Amino acid sequence: MKTIKKSIITNKRTELLDITNIIQKEINDSKFNNGIVVIFTPHTTAGITINENADPDVKIDIDYKINKLIPKNDPNYLHSEGNSDSHLKSSIFSPSISLIFEDNKLILGVWQAIYFCEFDGPRHRKYYIKIISD
Amino acid sequence: MKTIKKSIITNKRTELLDITNIIQKEINDSKFNNGIVVIFTPHTTAGITINENADPDVKIDIDYKINKLIPKNDPNYLHSEGNSDSHLKSSIFSPSISLIFEDNKLILGVWQAIYFCEFDGPRHRKYYIKIISD
Amino acid sequence: MKTIKKSIITNKRTELLDITNIIQKEINDSKFNNGIVVIFTPHTTAGITINENADPDVKIDIDYKINKLIPKNDPNYLHSEGNSDSHLKSSIFSPSISLIFEDNKLILGVWQAIYFCEFDGPRHRKYYIKIISD
């Protein structure tokens, strides 16, 4: 099965955007029962993560604290684009995650969502979905 | 092969619990020679990582330092459950890891163990093991 | 297909070394069209990540900032080898990453490279490449 390419528009410099339904829809359409799915973003200032889907304050607190730990500005940064913090956040959150599906359904906790992580927006972004059936 | 579901009981608010033997046992039982295994926890305040299995002080130092960087309390957190730090730690360590096995044996360094990471315990927790043969 | 084992020599205590061409070469040689590749390092003080390949200052800034957040020395570390910081960095960056390839070519952004992350060098290091065809 071909790799699926998706577009997403982000709205802030840093934010988490829920892409769970999009991933589940592609698994539905694949008709595969069991396997794994790799989600990957081709950007060096973005990431893919899993976190809570219920209280929106969790996303805000994650965003607040990672920006407090790794603020945008540091007088010692050399990179002229002013987004060195975004690059480090991308490596820390990772641009890739592997998930499991069973009976054509993602295995996720009841409070879990899959998030596209924007660390240097707002921008037009891409991510890829690769579904492997076993 | 069906996804395997495991339970684990944690004992502290934050700790690393060695699950290497449990993963290897499932690979043994699968009878698969070669492939990959995805380990995934369905909790938003836990993770899966790899680190040293020899000196127990390494686990203590990891736990100490991540809690120093991201302490439980911050007056700016909005989330009312008081575990925003745990959510961020989950995204930083990741709830998912992909490993390789060859000749029915996990490829791990001699000092490596697979750890279930508790960031908001003690609790009864779950994780999933998906073995893909090539 | 057998897991591929690679050696790499690192030159500093902490640095990022570009291994993209080595991974792509193994995918070429596999002749597989489509699938995923898991890259894994068996060391507890190293990691695998993806980040920018263009401006070398990005690597320097990532290295600078992660060392500022998690310096080598902390009077509260117990582990006697003096590399507790390296162990934590390994868990934060992860020793494993899963990537996608299509038409025998890695899916990577135009600015992305795959990096071996040294957190306690200089040393002789290893990493493994597992290619799964779908």
# chains A, B, ... in the order shown; residues from 1 in each chain; ligands from 1
>>> interface_residues(of="chain A", to="chain B", cutoff="6 Å", atoms="only C-alpha atoms", output="ChimeraX atom specification")
/A:51-52,57-58,61-62,92-93,108-109
>>> write_last_selection(atoms="N, CA and C atoms", output="mmCIF file, in the first residue's frame")
data_model
loop_
_atom_site.group_PDB
_atom_site.id
_atom_site.type_symbol
_atom_site.label_atom_id
_atom_site.label_comp_id
_atom_site.auth_asym_id
_atom_site.auth_seq_id
_atom_site.Cartn_x
_atom_site.Cartn_y
_atom_site.Cartn_z
ATOM 1 N N ASN A 51 -0.806 12.541 23.315
ATOM 2 C CA ASN A 51 -1.086 13.049 24.648
ATOM 3 C C ASN A 51 -2.588 13.180 24.859
ATOM 4 N N GLU A 52 -2.965 13.808 25.936
ATOM 5 C CA GLU A 52 -4.381 13.810 26.351
ATOM 6 C C GLU A 52 -5.309 14.539 25.372
ATOM 7 N N ASP A 57 -6.573 22.087 28.585
ATOM 8 C CA ASP A 57 -5.511 22.722 29.369
ATOM 9 C C ASP A 57 -4.213 21.912 29.342
ATOM 10 N N VAL A 58 -4.313 20.612 29.117
ATOM 11 C CA VAL A 58 -3.085 19.813 29.070
ATOM 12 C C VAL A 58 -2.197 20.262 27.918
ATOM 13 N N ASP A 61 -0.609 23.512 28.837
ATOM 14 C CA ASP A 61 0.463 23.360 29.829
ATOM 15 C C ASP A 61 1.725 22.756 29.210
ATOM 16 N N ILE A 62 1.553 21.775 28.312
ATOM 17 C CA ILE A 62 2.712 21.189 27.624
ATOM 18 C C ILE A 62 3.423 22.283 26.828
ATOM 19 N N ILE A 92 13.396 16.432 20.405
ATOM 20 C CA ILE A 92 12.938 15.950 21.711
ATOM 21 C C ILE A 92 11.576 15.259 21.600
ATOM 22 N N PHE A 93 10.665 15.819 20.828
ATOM 23 C CA PHE A 93 9.348 15.190 20.643
ATOM 24 C C PHE A 93 9.388 14.096 19.581
ATOM 25 N N LEU A 108 -5.296 2.901 21.167
ATOM 26 C CA LEU A 108 -4.998 4.149 21.887
ATOM 27 C C LEU A 108 -5.738 4.087 23.209
ATOM 28 N N GLY A 109 -5.181 4.703 24.222
ATOM 29 C CA GLY A 109 -5.896 4.832 25.480
ATOM 30 C C GLY A 109 -7.106 5.742 25.296
#
>>> closest_residue(among="B:Ala46, B:Thr10, B:Leu99, B:Asn73", to="Gln112 of chain A", atoms="only C-alpha atoms")
B:Ala46
>>> closest_residue(among="B:Ile36, B:Val110, B:Ile4, B:Cys117", to="Ile22 of chain B", atoms="only C-alpha atoms")
B:Ile4
>>> closest_residue(among="A:Thr49, A:Lys59, A:Asn21, A:Tyr64", to="Lys105 of chain A", atoms="only C-alpha atoms")
A:Asn21
>>> atom_distance(atom1="atom CA of Arg13 of chain C", atom2="atom CA of Lys65 of chain C")
14.5 Å
>>> select_by_dssp(residues="chain A", states="strand (DSSP E)", output="PyMOL selection string")
chain A and resi 4-9+15-18+35-40+46-52+96-102+105-106+112-118+124-133
>>> atom_distance(atom1="atom CA of Ala113 of chain C", atom2="atom CA of Lys25 of chain C")
13.9 Å
>>> decode(residues="segment 3-39 of chain A", atoms="N, CA, C and O atoms", output="CSV table (one decimal), in the first residue's frame")
chain,number,residue,atom,x,y,z
A,3,THR,N,2.4,5.0,0.6
A,3,THR,CA,2.4,5.9,1.7
A,3,THR,C,1.4,7.1,1.4
A,3,THR,O,1.3,7.5,0.3
A,4,ILE,N,0.7,7.5,2.5
A,4,ILE,CA,-0.3,8.5,2.4
A,4,ILE,C,0.4,9.8,2.8
A,4,ILE,O,1.0,9.9,3.8
A,5,LYS,N,0.1,10.9,2.0
A,5,LYS,CA,0.7,12.2,2.3
A,5,LYS,C,-0.5,13.2,2.7
A,5,LYS,O,-1.5,13.2,2.0
A,6,LYS,N,-0.3,13.9,3.8
A,6,LYS,CA,-1.4,14.8,4.3
A,6,LYS,C,-0.8,16.2,4.5
A,6,LYS,O,0.4,16.3,4.8
A,7,SER,N,-1.7,17.1,4.3
A,7,SER,CA,-1.4,18.5,4.6
A,7,SER,C,-2.1,19.0,5.8
A,7,SER,O,-3.2,18.6,6.1
A,8,ILE,N,-1.5,20.0,6.5
A,8,ILE,CA,-2.1,20.6,7.7
A,8,ILE,C,-1.6,22.0,7.8
A,8,ILE,O,-0.5,22.3,7.5
A,9,ILE,N,-2.6,22.9,8.2
A,9,ILE,CA,-2.2,24.3,8.3
A,9,ILE,C,-2.2,24.6,9.8
A,9,ILE,O,-3.2,24.3,10.5
A,10,THR,N,-1.1,25.2,10.3
A,10,THR,CA,-1.0,25.5,11.7
A,10,THR,C,-1.2,27.0,11.9
A,10,THR,O,-1.1,27.8,10.9
A,11,ASN,N,-1.6,27.4,13.1
A,11,ASN,CA,-2.1,28.7,13.3
A,11,ASN,C,-1.3,29.6,14.3
A,11,ASN,O,-1.5,30.8,14.4
A,12,LYS,N,-0.3,28.9,15.0
A,12,LYS,CA,0.4,29.7,16.0
A,12,LYS,C,1.9,29.3,15.8
A,12,LYS,O,2.2,28.3,15.1
A,13,ARG,N,2.8,29.9,16.6
A,13,ARG,CA,4.2,29.6,16.5
A,13,ARG,C,4.4,28.1,17.1
A,13,ARG,O,5.1,27.3,16.5
A,14,THR,N,3.8,27.8,18.2
A,14,THR,CA,3.8,26.5,18.8
A,14,THR,C,2.4,26.1,19.2
A,14,THR,O,1.7,26.8,19.9
A,15,GLU,N,2.0,24.9,18.8
A,15,GLU,CA,0.7,24.3,19.2
A,15,GLU,C,0.7,22.8,18.8
A,15,GLU,O,1.5,22.3,18.0
A,16,LEU,N,-0.3,22.1,19.4
A,16,LEU,CA,-0.5,20.7,19.1
A,16,LEU,C,-1.9,20.6,18.4
A,16,LEU,O,-2.9,21.1,18.9
A,17,LEU,N,-1.9,19.9,17.3
A,17,LEU,CA,-3.2,19.8,16.5
A,17,LEU,C,-3.5,18.3,16.4
A,17,LEU,O,-2.7,17.5,16.0
A,18,ASP,N,-4.7,18.0,16.8
A,18,ASP,CA,-5.2,16.6,16.9
A,18,ASP,C,-5.5,16.0,15.5
A,18,ASP,O,-6.3,16.5,14.7
A,19,ILE,N,-4.7,14.9,15.1
A,19,ILE,CA,-4.9,14.3,13.8
A,19,ILE,C,-5.4,12.9,14.0
A,19,ILE,O,-5.3,12.1,13.0
A,20,THR,N,-5.9,12.5,15.1
A,20,THR,CA,-6.3,11.1,15.4
A,20,THR,C,-7.3,10.6,14.4
A,20,THR,O,-7.1,9.5,13.8
A,21,ASN,N,-8.3,11.4,14.1
A,21,ASN,CA,-9.4,10.9,13.2
A,21,ASN,C,-8.9,10.7,11.8
A,21,ASN,O,-9.4,9.8,11.1
A,22,ILE,N,-7.9,11.5,11.4
A,22,ILE,CA,-7.4,11.4,10.0
A,22,ILE,C,-6.6,10.1,9.9
A,22,ILE,O,-6.7,9.4,8.9
A,23,ILE,N,-5.8,9.7,11.0
A,23,ILE,CA,-5.1,8.5,10.9
A,23,ILE,C,-6.0,7.3,11.0
A,23,ILE,O,-5.9,6.3,10.2
A,24,GLN,N,-7.0,7.3,11.8
A,24,GLN,CA,-8.0,6.2,11.9
A,24,GLN,C,-8.7,6.0,10.6
A,24,GLN,O,-9.0,4.9,10.2
A,25,LYS,N,-9.1,7.1,10.0
A,25,LYS,CA,-9.8,7.0,8.7
A,25,LYS,C,-8.9,6.3,7.6
A,25,LYS,O,-9.5,5.5,6.8
A,26,GLU,N,-7.7,6.6,7.6
A,26,GLU,CA,-6.8,5.9,6.6
A,26,GLU,C,-6.7,4.4,7.0
A,26,GLU,O,-6.5,3.6,6.1
A,27,ILE,N,-6.7,4.1,8.2
A,27,ILE,CA,-6.7,2.7,8.6
A,27,ILE,C,-8.0,2.0,8.2
A,27,ILE,O,-8.0,0.9,7.6
A,28,ASN,N,-9.1,2.7,8.4
A,28,ASN,CA,-10.4,2.1,7.9
A,28,ASN,C,-10.3,1.8,6.4
A,28,ASN,O,-10.7,0.8,6.0
A,29,ASP,N,-9.8,2.8,5.7
A,29,ASP,CA,-9.8,2.7,4.2
A,29,ASP,C,-8.9,1.6,3.7
A,29,ASP,O,-9.1,1.1,2.6
A,30,SER,N,-7.8,1.3,4.5
A,30,SER,CA,-6.8,0.3,4.1
A,30,SER,C,-7.5,-1.1,4.1
A,30,SER,O,-7.0,-2.0,3.5
A,31,LYS,N,-8.5,-1.3,5.0
A,31,LYS,CA,-9.2,-2.6,5.2
A,31,LYS,C,-8.2,-3.6,5.9
A,31,LYS,O,-8.6,-4.8,6.0
A,32,PHE,N,-7.0,-3.2,6.2
A,32,PHE,CA,-6.2,-4.1,7.0
A,32,PHE,C,-6.7,-4.3,8.4
A,32,PHE,O,-7.2,-3.4,9.0
A,33,ASN,N,-6.6,-5.6,8.8
A,33,ASN,CA,-7.0,-5.9,10.2
A,33,ASN,C,-6.0,-5.5,11.2
A,33,ASN,O,-6.3,-4.7,12.1
A,34,ASN,N,-4.8,-6.0,11.1
A,34,ASN,CA,-3.8,-5.9,12.2
A,34,ASN,C,-2.5,-5.4,11.6
A,34,ASN,O,-2.1,-5.8,10.5
A,35,GLY,N,-1.8,-4.6,12.4
A,35,GLY,CA,-0.5,-4.1,11.9
A,35,GLY,C,0.0,-2.9,12.7
A,35,GLY,O,-0.5,-2.7,13.8
A,36,ILE,N,0.9,-2.2,12.1
A,36,ILE,CA,1.4,-1.0,12.7
A,36,ILE,C,1.3,0.2,11.7
A,36,ILE,O,1.2,-0.1,10.5
A,37,VAL,N,1.4,1.4,12.2
A,37,VAL,CA,1.3,2.6,11.4
A,37,VAL,C,2.5,3.5,11.9
A,37,VAL,O,2.6,3.7,13.1
A,38,VAL,N,3.3,4.0,10.9
A,38,VAL,CA,4.3,4.9,11.2
A,38,VAL,C,3.8,6.3,10.7
A,38,VAL,O,3.4,6.4,9.5
A,39,ILE,N,3.9,7.3,11.6
A,39,ILE,CA,3.5,8.7,11.2
A,39,ILE,C,4.7,9.5,11.3
A,39,ILE,O,5.5,9.5,12.3
